[in-house]
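Peer 1: I'm passing along my_file_1.cif; it holds mmCIF, C-alpha atoms.
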```
data_run
#
loop_
_atom_site.group_PDB
_atom_site.id
_atom_site.type_symbol
_atom_site.label_atom_id
_atom_site.label_comp_id
_atom_site.auth_asym_id
_atom_site.auth_seq_id
_atom_site.Cartn_x
_atom_site.Cartn_y
_atom_site.Cartn_z
ATOM 1 C CA LYS A 1378 22.361 43.962 70.821
ATOM 2 C CA GLN A 1379 18.927 44.333 69.275
ATOM 3 C CA GLU A 1380 17.470 41.125 67.877
ATOM 4 C CA VAL A 1381 14.235 40.790 65.934
ATOM 5 C CA THR A 1382 12.330 37.524 65.637
ATOM 6 C CA GLN A 1383 9.349 36.734 63.450
ATOM 7 C CA ILE A 1384 6.960 33.886 64.090
ATOM 8 C CA PRO A 1385 5.877 31.821 62.262
ATOM 9 C CA ALA A 1386 8.597 31.406 59.635
ATOM 10 C CA ALA A 1387 5.962 30.275 57.132
ATOM 11 C CA LEU A 1388 2.186 30.327 57.034
ATOM 12 C CA SER A 1389 -0.289 28.851 54.562
ATOM 13 C CA VAL A 1390 -3.957 29.832 54.741
ATOM 14 C CA PRO A 1391 -7.056 29.565 52.565
ATOM 15 C CA GLU A 1392 -8.351 32.651 50.833
ATOM 16 C CA GLY A 1393 -10.646 34.826 52.938
ATOM 17 C CA GLU A 1394 -9.083 33.971 56.286
ATOM 18 C CA ASN A 1395 -8.001 36.679 58.728
ATOM 19 C CA LEU A 1396 -4.428 36.190 59.913
ATOM 20 C CA VAL A 1397 -1.823 37.569 62.289
ATOM 21 C CA LEU A 1398 1.921 37.775 61.821
ATOM 22 C CA ASN A 1399 4.107 38.271 64.869
ATOM 23 C CA CYS A 1400 7.299 40.243 65.418
ATOM 24 C CA SER A 1401 9.252 40.505 68.658
ATOM 25 C CA PHE A 1402 12.322 42.553 69.546
ATOM 26 C CA THR A 1403 14.673 42.346 72.489
ATOM 27 C CA ASP A 1404 15.393 46.029 73.221
ATOM 28 C CA SER A 1405 12.463 48.380 73.728
ATOM 29 C CA ALA A 1406 14.608 51.464 72.987
ATOM 30 C CA ILE A 1407 13.363 52.054 69.463
ATOM 31 C CA TYR A 1408 12.275 55.030 67.407
ATOM 32 C CA ASN A 1409 9.768 53.041 65.366
ATOM 33 C CA LEU A 1410 8.905 49.740 63.719
ATOM 34 C CA GLN A 1411 8.259 49.239 60.025
ATOM 35 C CA TRP A 1412 6.489 46.371 58.241
ATOM 36 C CA PHE A 1413 7.529 45.483 54.693
ATOM 37 C CA ARG A 1414 6.351 43.140 51.980
ATOM 38 C CA GLN A 1415 8.822 41.386 49.650
ATOM 39 C CA ASP A 1416 7.778 39.508 46.530
ATOM 40 C CA PRO A 1417 10.167 36.824 45.198
ATOM 41 C CA GLY A 1418 13.281 38.360 43.631
ATOM 42 C CA LYS A 1419 12.046 41.878 44.342
ATOM 43 C CA GLY A 1420 12.829 44.708 46.700
ATOM 44 C CA LEU A 1421 10.898 45.694 49.804
ATOM 45 C CA THR A 1422 7.615 47.584 49.760
ATOM 46 C CA SER A 1423 6.892 49.592 52.890
ATOM 47 C CA LEU A 1424 3.470 48.716 54.323
ATOM 48 C CA LEU A 1425 3.198 50.495 57.654
ATOM 49 C CA LEU A 1426 5.409 52.544 59.953
ATOM 50 C CA ILE A 1427 4.541 52.786 63.655
ATOM 51 C CA GLN A 1428 6.357 55.403 65.717
ATOM 52 C CA SER A 1429 7.307 54.387 69.267
ATOM 53 C CA SER A 1430 4.649 56.720 70.697
ATOM 54 C CA GLN A 1431 1.876 55.079 68.647
ATOM 55 C CA ARG A 1432 -0.088 51.920 69.371
ATOM 56 C CA GLU A 1433 -1.272 51.029 65.880
ATOM 57 C CA GLN A 1434 -1.466 52.000 62.230
ATOM 58 C CA THR A 1435 -3.995 50.957 59.609
ATOM 59 C CA SER A 1436 -3.901 50.837 55.825
ATOM 60 C CA GLY A 1437 -6.752 49.167 54.003
ATOM 61 C CA ARG A 1438 -6.956 45.522 55.111
ATOM 62 C CA LEU A 1439 -3.748 45.826 57.119
ATOM 63 C CA ASN A 1440 -3.485 46.768 60.764
ATOM 64 C CA ALA A 1441 -0.220 46.836 62.679
ATOM 65 C CA SER A 1442 0.034 47.176 66.441
ATOM 66 C CA LEU A 1443 3.001 47.974 68.642
ATOM 67 C CA ASP A 1444 3.559 47.192 72.315
ATOM 68 C CA LYS A 1445 6.962 48.700 72.903
ATOM 69 C CA SER A 1446 7.227 47.760 76.567
ATOM 70 C CA SER A 1447 6.774 44.074 75.837
ATOM 71 C CA GLY A 1448 8.793 44.189 72.607
ATOM 72 C CA ARG A 1449 6.025 42.982 70.328
ATOM 73 C CA SER A 1450 4.266 43.958 67.131
ATOM 74 C CA THR A 1451 1.581 42.204 65.143
ATOM 75 C CA LEU A 1452 0.474 42.625 61.549
ATOM 76 C CA TYR A 1453 -3.175 41.737 61.043
ATOM 77 C CA ILE A 1454 -4.358 40.988 57.502
ATOM 78 C CA ALA A 1455 -8.108 40.863 57.026
ATOM 79 C CA ALA A 1456 -9.864 38.788 54.378
ATOM 80 C CA SER A 1457 -6.648 37.444 52.882
ATOM 81 C CA GLN A 1458 -6.297 37.101 49.096
ATOM 82 C CA PRO A 1459 -3.900 35.097 46.898
ATOM 83 C CA GLY A 1460 -2.259 38.406 45.937
ATOM 84 C CA ASP A 1461 -1.180 38.797 49.573
ATOM 85 C CA SER A 1462 1.236 35.891 49.129
ATOM 86 C CA ALA A 1463 4.731 37.232 49.818
ATOM 87 C CA THR A 1464 7.375 37.431 52.518
ATOM 88 C CA TYR A 1465 6.554 39.900 55.282
ATOM 89 C CA LEU A 1466 9.433 41.529 57.146
ATOM 90 C CA CYS A 1467 9.430 43.673 60.243
ATOM 91 C CA ALA A 1468 12.270 46.010 61.132
ATOM 92 C CA VAL A 1469 12.981 48.250 64.119
ATOM 93 C CA ARG A 1470 14.929 51.514 64.212
ATOM 94 C CA PRO A 1471 17.059 51.300 67.373
ATOM 95 C CA ASP A 1472 17.297 54.359 69.619
ATOM 96 C CA ALA A 1473 20.932 53.773 70.477
ATOM 97 C CA GLY A 1474 22.697 56.751 68.924
ATOM 98 C CA GLY A 1475 26.124 56.648 67.264
ATOM 99 C CA THR A 1476 26.462 54.192 64.424
ATOM 100 C CA SER A 1477 22.996 52.815 65.094
ATOM 101 C CA TYR A 1478 21.479 56.049 63.831
ATOM 102 C CA GLY A 1479 20.911 54.953 60.271
ATOM 103 C CA LYS A 1480 20.219 51.326 60.952
ATOM 104 C CA LEU A 1481 17.126 49.198 60.562
ATOM 105 C CA THR A 1482 17.346 45.845 62.311
ATOM 106 C CA PHE A 1483 15.330 43.239 60.431
ATOM 107 C CA GLY A 1484 13.636 40.013 61.339
ATOM 108 C CA GLN A 1485 14.040 37.015 59.073
ATOM 109 C CA GLY A 1486 10.533 37.278 57.683
ATOM 110 C CA THR A 1487 7.346 35.234 57.484
ATOM 111 C CA ILE A 1488 6.589 33.565 54.165
ATOM 112 C CA LEU A 1489 2.836 33.820 53.598
ATOM 113 C CA THR A 1490 0.953 31.702 51.082
ATOM 114 C CA VAL A 1491 -2.745 32.340 50.507
ATOM 115 C CA HIS A 1492 -4.291 29.593 48.392
ATOM 116 C CA PRO A 1493 -7.567 29.937 46.470
ATOM 117 C CA ASP B 604 7.541 58.125 38.230
ATOM 118 C CA GLY B 605 9.623 58.822 41.309
ATOM 119 C CA GLY B 606 11.545 55.933 42.743
ATOM 120 C CA ILE B 607 14.779 54.110 43.373
ATOM 121 C CA THR B 608 16.486 52.405 40.435
ATOM 122 C CA GLN B 609 19.068 49.714 40.959
ATOM 123 C CA SER B 610 21.139 48.302 38.125
ATOM 124 C CA PRO B 611 21.987 45.829 36.910
ATOM 125 C CA LYS B 612 19.344 43.359 38.094
ATOM 126 C CA TYR B 613 21.863 40.485 37.885
ATOM 127 C CA LEU B 614 25.647 40.736 38.128
ATOM 128 C CA PHE B 615 28.412 38.178 37.974
ATOM 129 C CA ARG B 616 31.852 38.639 39.471
ATOM 130 C CA LYS B 617 35.054 36.838 38.652
ATOM 131 C CA GLU B 618 37.661 36.056 41.267
ATOM 132 C CA GLY B 619 39.780 39.093 42.111
ATOM 133 C CA GLN B 620 37.448 41.499 40.361
ATOM 134 C CA ASN B 621 35.831 44.629 41.747
ATOM 135 C CA VAL B 622 32.249 45.290 40.673
ATOM 136 C CA THR B 623 30.047 48.334 41.158
ATOM 137 C CA LEU B 624 26.311 48.288 41.830
ATOM 138 C CA SER B 625 24.354 51.355 40.835
ATOM 139 C CA CYS B 626 21.637 53.042 42.903
ATOM 140 C CA GLU B 627 19.859 56.148 41.639
ATOM 141 C CA GLN B 628 16.887 57.946 43.195
ATOM 142 C CA ASN B 629 14.777 60.824 41.880
ATOM 143 C CA LEU B 630 12.873 61.335 45.128
ATOM 144 C CA ASN B 631 15.116 64.201 46.271
ATOM 145 C CA HIS B 632 15.932 62.171 49.391
ATOM 146 C CA ASP B 633 18.900 63.182 51.520
ATOM 147 C CA ALA B 634 19.699 59.790 53.052
ATOM 148 C CA MET B 635 20.612 56.592 51.238
ATOM 149 C CA TYR B 636 21.465 53.087 52.452
ATOM 150 C CA TRP B 637 22.893 49.798 51.224
ATOM 151 C CA TYR B 638 21.773 46.448 52.668
ATOM 152 C CA ARG B 639 22.760 42.896 51.975
ATOM 153 C CA GLN B 640 20.208 40.060 52.125
ATOM 154 C CA ASP B 641 21.270 36.445 52.554
ATOM 155 C CA PRO B 642 18.828 33.516 52.664
ATOM 156 C CA GLY B 643 17.467 33.001 56.147
ATOM 157 C CA GLN B 644 19.422 35.925 57.625
ATOM 158 C CA GLY B 645 17.316 39.009 56.967
ATOM 159 C CA LEU B 646 18.879 42.274 55.817
ATOM 160 C CA ARG B 647 22.109 43.729 57.172
ATOM 161 C CA LEU B 648 23.348 47.308 56.763
ATOM 162 C CA ILE B 649 26.561 47.793 54.766
ATOM 163 C CA TYR B 650 26.879 51.597 54.469
ATOM 164 C CA TYR B 651 24.659 54.615 54.755
ATOM 165 C CA SER B 652 24.878 58.257 53.755
ATOM 166 C CA GLN B 653 23.028 61.076 55.485
ATOM 167 C CA ILE B 654 23.984 63.766 52.999
ATOM 168 C CA VAL B 655 26.118 64.362 49.918
ATOM 169 C CA ASN B 656 29.856 63.763 50.439
ATOM 170 C CA ASP B 657 29.213 61.922 53.700
ATOM 171 C CA PHE B 658 28.847 58.223 54.454
ATOM 172 C CA GLN B 659 29.144 55.921 57.469
ATOM 173 C CA LYS B 660 29.952 52.246 57.904
ATOM 174 C CA GLY B 661 27.185 49.871 58.871
ATOM 175 C CA ASP B 662 27.513 46.453 60.458
ATOM 176 C CA ILE B 663 29.257 44.644 57.581
ATOM 177 C CA ALA B 664 31.296 47.289 55.699
ATOM 178 C CA GLU B 665 34.464 45.199 55.269
ATOM 179 C CA GLY B 666 35.152 44.464 51.597
ATOM 180 C CA TYR B 667 32.814 47.189 50.357
ATOM 181 C CA SER B 668 33.229 50.852 49.428
ATOM 182 C CA VAL B 669 30.813 53.643 48.540
ATOM 183 C CA SER B 670 30.775 57.225 47.329
ATOM 184 C CA ARG B 671 28.165 59.977 47.487
ATOM 185 C CA GLU B 672 29.220 62.667 45.052
ATOM 186 C CA LYS B 673 25.680 63.481 43.954
ATOM 187 C CA LYS B 674 22.484 63.566 45.947
ATOM 188 C CA GLU B 675 20.696 61.151 43.633
ATOM 189 C CA SER B 676 23.449 58.531 43.379
ATOM 190 C CA PHE B 677 24.996 56.123 45.917
ATOM 191 C CA PRO B 678 27.048 53.437 44.126
ATOM 192 C CA LEU B 679 28.378 50.416 46.009
ATOM 193 C CA THR B 680 31.642 48.728 45.014
ATOM 194 C CA VAL B 681 32.150 45.127 46.027
ATOM 195 C CA THR B 682 35.917 44.678 46.177
ATOM 196 C CA SER B 683 37.994 41.545 45.829
ATOM 197 C CA ALA B 684 38.503 41.714 49.596
ATOM 198 C CA GLN B 685 34.872 40.641 50.079
ATOM 199 C CA LYS B 686 35.311 36.865 50.123
ATOM 200 C CA ASN B 687 31.647 35.919 50.165
ATOM 201 C CA PRO B 688 29.898 38.462 47.933
ATOM 202 C CA THR B 689 27.079 36.240 46.659
ATOM 203 C CA ALA B 690 23.892 37.880 47.945
ATOM 204 C CA PHE B 691 20.943 40.093 47.087
ATOM 205 C CA TYR B 692 21.868 43.784 47.466
ATOM 206 C CA LEU B 693 19.204 46.354 48.273
ATOM 207 C CA CYS B 694 19.476 50.129 48.150
ATOM 208 C CA ALA B 695 17.131 52.327 50.165
ATOM 209 C CA SER B 696 16.533 56.013 50.753
ATOM 210 C CA SER B 697 14.666 58.263 53.166
ATOM 211 C CA ILE B 698 13.637 61.877 52.800
ATOM 212 C CA THR B 699 15.934 62.913 55.654
ATOM 213 C CA PRO B 700 18.342 60.985 57.914
ATOM 214 C CA SER B 701 15.843 61.327 60.744
ATOM 215 C CA PRO B 702 15.119 57.967 62.372
ATOM 216 C CA TYR B 703 11.415 58.899 62.301
ATOM 217 C CA GLN B 704 11.297 58.744 58.510
ATOM 218 C CA PRO B 705 10.499 55.488 56.675
ATOM 219 C CA GLN B 706 13.006 53.919 54.343
ATOM 220 C CA HIS B 707 11.980 53.057 50.773
ATOM 221 C CA PHE B 708 13.700 50.326 48.780
ATOM 222 C CA GLY B 709 14.741 49.599 45.213
ATOM 223 C CA ASP B 710 14.238 46.259 43.442
ATOM 224 C CA GLY B 711 17.707 44.950 44.227
ATOM 225 C CA THR B 712 20.735 43.518 42.435
ATOM 226 C CA ARG B 713 21.588 39.843 42.674
ATOM 227 C CA LEU B 714 25.349 39.270 42.681
ATOM 228 C CA SER B 715 26.855 35.855 41.973
ATOM 229 C CA ILE B 716 30.382 34.511 41.650
ATOM 230 C CA LEU B 717 31.506 32.947 38.365
#
```
Could you quickly redo this structure as structure tokens?
Peer 2:
Amino acid sequence: KQEVTQIPAALSVPEGENLVLNCSFTDSAIYNLQWFRQDPGKGLTSLLLIQSSQREQTSGRLNASLDKSSGRSTLYIAASQPGDSATYLCAVRPDAGGTSYGKLTFGQGTILTVHP
Amino acid sequence: DGGITQSPKYLFRKEGQNVTLSCEQNLNHDAMYWYRQDPGQGLRLIYYSQIVNDFQKGDIAEGYSVSREKKESFPLTVTSAQKNPTAFYLCASSITPSPYQPQHFGDGTRLSIL
């Protein structure tokens, strides 16, 4: 059974700091990994999608890497800002066929606070 | 603007009552999904639909039902058989059912028990 773990559970940093969020998964048979942002009481905003054949994806100040063989992904946020404060979730799309076809398996999230 | 609209934002259920959560998308996406989010547990898949008039159970389908009569609509009914319905419910869609496509989410409905 695929399990996704995110470390740390919470992170508080001063504005301007570069930071790394970690995501690990137990089964390397995945189609892709997706990073999301969730603001309090809101839905999920897709940040980056990394296919299993890719090593990294970049969007603005965000860079996500994927090491499928070791079951790890990192989300790097450069020059953090208070507006980056949110919960960050990673999710993998298992390559297991059958009823797993439509499924994203989520981690529990990292709560990020960037203080001025 | 194109997007996924969930309504209502807040919903209250009485004991023994069925309630229906609405999810509408104008993105012309084929696939739609329902997830449940509980504090500290991440999101779990309830049902998904790859195409109109088709849907499949996810990991926690018991006590829920869905329909997909129109491409743009995927309502979720929380039945009285769901004994612990208090949660945040999120609807998502993707352009095709392909696992290579990203899923995009609505703003959610928070369901509570009266």
Peer 1: Using the chain letters and numbers from the file, which residues does the PyMOL selection byres ((chain B) within 10 of (chain A)) grab, as a PyMOL selection string?
Peer 2: chain B and resi 609+612+634-636+638+640-653+659-662+691-695+700-713
Peer 1: Go through A:Ser1462, A:Thr1487, A:Ser1442, A:Thr1435 one by one, measure the shortest atom-to-atom distance of each to Leu1398 (chain A) using all atoms listed in the file, and give the residue with the smallest value.
Peer 2: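 Of all the options, A:Thr1487 lies closest to Leu1398 (chain A).
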Peer 1: Please write as a VMD selection string the full residue list that the PyMOL selection byres ((chain B and resi 698) around 8) yields on this file.
Peer 2: chain B and resid 630 to 634 696 to 697 699 to 700 704
Peer 1: Please compute the CA of Ser1430 (chain A)-CA of Tyr1453 (chain A) distance, one decimal, in Å.
Peer 2: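 Pair CA of Ser1430 (chain A) / CA of Tyr1453 (chain A) returns 19.5 Å.
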Peer 1: Rounded to one decimal, what separation in Å do you get between CA of Asn1395 (chain A) and CA of Glu1433 (chain A)?
Peer 2: 17.4 Å
Peer 1: Counting all atoms listed in the file, which residue out of A:Leu1424, A:Gln1434, A:Ser1401, A:His1492 sits closest to Gly1460 (chain A)?
Peer 2: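 Looking only at the distances to Gly1460 (chain A), the closest residue turns out to be A:His1492.
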Peer 1: Tell me which protein, DNA and RNA residues are within 6 Å of region 683-685 of chain B, counting all atoms listed in the file, leaving out same-chain ones fewer than 3 positions away, and put them as a VMD selection string.
Peer 2: chain B and resid 619 to 621 666 688
Peer 1: Can you write just those residues out, C-alpha atoms, as an mmCIF file, keeping the file's coordinate frame?
Peer 2:
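Just written: result-v9.cif:
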```cif
data_model
loop_
_atom_site.group_PDB
_atom_site.id
_atom_site.type_symbol
_atom_site.label_atom_id
_atom_site.label_comp_id
_atom_site.auth_asym_id
_atom_site.auth_seq_id
_atom_site.Cartn_x
_atom_site.Cartn_y
_atom_site.Cartn_z
ATOM 1 C CA GLY B 619 39.780 39.093 42.111
ATOM 2 C CA GLN B 620 37.448 41.499 40.361
ATOM 3 C CA ASN B 621 35.831 44.629 41.747
ATOM 4 C CA GLY B 666 35.152 44.464 51.597
ATOM 5 C CA PRO B 688 29.898 38.462 47.933
#
```
Peer 1: Which distance in Å separates CA of Phe1402 (chain A) and CA of Gln1379 (chain A), to one decimal?
Peer 2: 6.8 Å
Peer 1: Carefully work through the PyMOL selection byres ((chain B and resi 669-675) around 8) for this structure and note down the residues it includes, as number ranges by chain.
Peer 2: B: 627-633, 650, 652, 654-658, 667-668, 676-680
Peer 1: Output as lines of an AutoDock Vina configuration file the centre and edge lengths (Å, one decimal) of the box along x, y and z of the file that holds every listed atom of region 686-691 of chain B after adding 3 Å on each side.
Peer 2:
```
center_x = 28.1
center_y = 38.0
center_z = 48.4
size_x = 20.4
size_y = 10.2
size_z = 9.5
```
Peer 1: Missing atoms in region 649-665 of chain B should be modelled up to N, CA, C and O atoms and reported as an mmCIF file, in the frame of the given file.
Peer 2:
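Full text of part.cif as output:
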```
data_model
loop_
_atom_site.group_PDB
_atom_site.id
_atom_site.type_symbol
_atom_site.label_atom_id
_atom_site.label_comp_id
_atom_site.auth_asym_id
_atom_site.auth_seq_id
_atom_site.Cartn_x
_atom_site.Cartn_y
_atom_site.Cartn_z
ATOM 1 N N ILE B 649 25.168 47.731 55.202
ATOM 2 C CA ILE B 649 26.561 47.793 54.766
ATOM 3 C C ILE B 649 27.114 49.207 54.983
ATOM 4 O O ILE B 649 28.109 49.410 55.668
ATOM 5 N N TYR B 650 26.498 50.191 54.365
ATOM 6 C CA TYR B 650 26.879 51.597 54.469
ATOM 7 C C TYR B 650 25.620 52.442 54.411
ATOM 8 O O TYR B 650 24.608 52.035 53.868
ATOM 9 N N TYR B 651 25.727 53.656 54.960
ATOM 10 C CA TYR B 651 24.659 54.615 54.755
ATOM 11 C C TYR B 651 25.245 56.016 54.621
ATOM 12 O O TYR B 651 26.368 56.280 55.064
ATOM 13 N N SER B 652 24.451 56.887 53.998
ATOM 14 C CA SER B 652 24.878 58.257 53.755
ATOM 15 C C SER B 652 23.742 59.192 54.164
ATOM 16 O O SER B 652 22.620 59.048 53.709
ATOM 17 N N GLN B 653 24.058 60.142 55.021
ATOM 18 C CA GLN B 653 23.028 61.076 55.485
ATOM 19 C C GLN B 653 22.903 62.284 54.579
ATOM 20 O O GLN B 653 21.864 62.952 54.545
ATOM 21 N N ILE B 654 23.982 62.576 53.835
ATOM 22 C CA ILE B 654 23.984 63.766 52.999
ATOM 23 C C ILE B 654 25.112 63.610 51.990
ATOM 24 O O ILE B 654 26.000 62.767 52.157
ATOM 25 N N VAL B 655 25.076 64.422 50.946
ATOM 26 C CA VAL B 655 26.118 64.362 49.918
ATOM 27 C C VAL B 655 27.507 64.522 50.541
ATOM 28 O O VAL B 655 27.694 65.294 51.472
ATOM 29 N N ASN B 656 28.451 63.743 50.012
ATOM 30 C CA ASN B 656 29.856 63.763 50.439
ATOM 31 C C ASN B 656 30.056 63.246 51.861
ATOM 32 O O ASN B 656 31.111 63.504 52.464
ATOM 33 N N ASP B 657 29.086 62.523 52.376
ATOM 34 C CA ASP B 657 29.213 61.922 53.700
ATOM 35 C C ASP B 657 28.694 60.499 53.649
ATOM 36 O O ASP B 657 27.683 60.224 52.996
ATOM 37 N N PHE B 658 29.375 59.575 54.309
ATOM 38 C CA PHE B 658 28.847 58.223 54.454
ATOM 39 C C PHE B 658 29.467 57.578 55.700
ATOM 40 O O PHE B 658 30.543 57.987 56.151
ATOM 41 N N GLN B 659 28.738 56.591 56.237
ATOM 42 C CA GLN B 659 29.144 55.921 57.469
ATOM 43 C C GLN B 659 29.090 54.410 57.271
ATOM 44 O O GLN B 659 28.235 53.910 56.540
ATOM 45 N N LYS B 660 29.977 53.696 57.954
ATOM 46 C CA LYS B 660 29.952 52.246 57.904
ATOM 47 C C LYS B 660 28.772 51.705 58.688
ATOM 48 O O LYS B 660 28.411 52.228 59.742
ATOM 49 N N GLY B 661 28.204 50.617 58.153
ATOM 50 C CA GLY B 661 27.185 49.871 58.871
ATOM 51 C C GLY B 661 27.812 48.692 59.579
ATOM 52 O O GLY B 661 28.979 48.731 59.976
ATOM 53 N N ASP B 662 27.057 47.614 59.700
ATOM 54 C CA ASP B 662 27.513 46.453 60.458
ATOM 55 C C ASP B 662 28.504 45.571 59.702
ATOM 56 O O ASP B 662 29.301 44.866 60.316
ATOM 57 N N ILE B 663 28.454 45.588 58.365
ATOM 58 C CA ILE B 663 29.257 44.644 57.581
ATOM 59 C C ILE B 663 29.965 45.358 56.441
ATOM 60 O O ILE B 663 29.917 44.932 55.299
ATOM 61 N N ALA B 664 30.680 46.445 56.730
ATOM 62 C CA ALA B 664 31.296 47.289 55.699
ATOM 63 C C ALA B 664 32.569 46.689 55.092
ATOM 64 O O ALA B 664 32.998 47.108 54.005
ATOM 65 N N GLU B 665 33.187 45.726 55.757
ATOM 66 C CA GLU B 665 34.464 45.199 55.269
ATOM 67 C C GLU B 665 34.315 44.573 53.887
ATOM 68 O O GLU B 665 33.442 43.735 53.655
#
```
